[in-house]
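Structure record follows, encoded as structure tokens.
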Amino acid sequence: MSRKERKRMVVLTEVKRGKLSIAAAGRLLGVCYRQAKRIWHRFKRAGEAGLVHRRRGQAGPRRKPAKLRRQVLARYAQRYGDFGPTLAADKLHAEGLVVDHETLRRWLAGKGVWQVGRQRQQHRAWRERRECFGEMVQLDGSHHDWFEGRRGKAVLMVMVDDATNHTRARFSEAETTRAAYDVLEGWVGKHGMPGSLYVDRDSIYAVSASRRWPSKLLARSRGRSLAEPWSSWGWK
């Protein structure tokens with residue numbers, strides 16, 4: 001029973017008890033006196049079943065023929081299975097099978113070949129933090145009006161340890177390779193070379209084959225003490 005039907009049930013029960021007149025019931029139900037009388041007579045004759053809409057379970061007056069539905073769904077499966085309802089409806093219309101795209105969407109959803117509602121991209125899987133300090137460090141730049149209009153915008157270059165959230169940051173005029181080197185130099189000078197460095201896909205972090213770190217520098221980085229100064233790494 002719908003909410004409207006439940007409301008009618010409550011109001012007409014009060015009429016039956018003699019606590020409401022039919023005119024008052026009509027005002028509560030938002031119908032005229034004559035319609036209230038018709039509803040009341042159906043309720044007296046059939047009880048709760050008399051309040052159910054008499055067209056419930058019947059096909060709507062604007063329902064498309066079953067033959068057209070079968071033809072549309074068969075044609076969609078044959079030729080337009082990769083199309084969305086809107087584009088498919090246009091293609092079907094050109095073939096003489098006229099159906100609204102929303103109607104086609106409902107038909108496809110009823111067949112289980114189309115998901116109703118927005119199809120969101122699946123979020124990436126959650127991963128556990130790294131176990132040790134320095135195992136992985138994230139480097140990124142945050143663009144913001146940090147000085148609230150007292151000077152031009154600046155970029156806060158930030159390094160964050162994945163295991164502990166330990167942070168090191170410094171301001172720069174722009175997110176450049178030099179700015180990234182500067183904040184990385186401060187980190188390595190204090191904590192040593194991180195096990196891995198996580199950056200986004202910005203062009204300043206893209207390394208071409210001709211500019212990769214020399215293998216001898218990477219070899220020297222293995223086994224270094226965290227207390228060793230930056231200059232001892234041979235970084236230029």
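Residue numbering restarts at 1 in every chain; chains get A, B, ... in the order shown in the structure tokens, and ligands count up from 1 in that same order.
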
Pro65 (chain A): which residues within 12 Å, counting only C-alpha atoms, same-chain residues fewer than 6 positions away excluded, as a list of chain:residue names?
->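 Listing them by chain and then by number gives A:Ala59, A:Gln71, A:Val72, A:Leu97, A:Val98, A:Val99.
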
Leaving out region 132-136 of chain A and any residue of its chain fewer than 6 positions from it, which residues lie within 7 Å of it when counting only C-alpha atoms, given as an MDAnalysis selection string?
-> chainID A and resid 161:164 194:198

Smallest atom-to-atom distance to Met159 (chain A): which of A:Phe147, A:Trp187, A:Tyr80, A:Phe171, using only C-alpha atoms?
-> A:Trp187

Residue nearest Trp146 (chain A) - candidates A:Thr86, A:Ser21, A:Asn165, A:Ser172, atoms counted: only C-alpha atoms =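 So, comparing all the options, the nearest one is A:Ser172.
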
Fewer than 3 positions away in the same chain doesn't count, so skip those; otherwise give me all residues within 6 Å of Tyr33 (chain A), counting only C-alpha atoms, as a ChimeraX atom specification.
-> /A:23,26,36

Tell me which protein, DNA and RNA residues are within 12 Å of Val183 (chain A), counting only C-alpha atoms, leaving out same-chain ones fewer than 5 positions away, and put them as number ranges by chain.
-> A: 138-141, 155-160, 167-172, 175-178, 188-190, 230

Have a look at CA of Arg130 (chain A) and CA of Asp200 (chain A) and let me know their distance in Å, one decimal.
->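 According to the coordinates, CA of Arg130 (chain A) and CA of Asp200 (chain A) are separated by 18.3 Å.
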
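With only C-alpha atoms as the atoms that count, the residue of A:Ala46, A:Val11, A:Ala94, A:Val199 with the shortest distance to Leu29 (chain A) is A:Val11.
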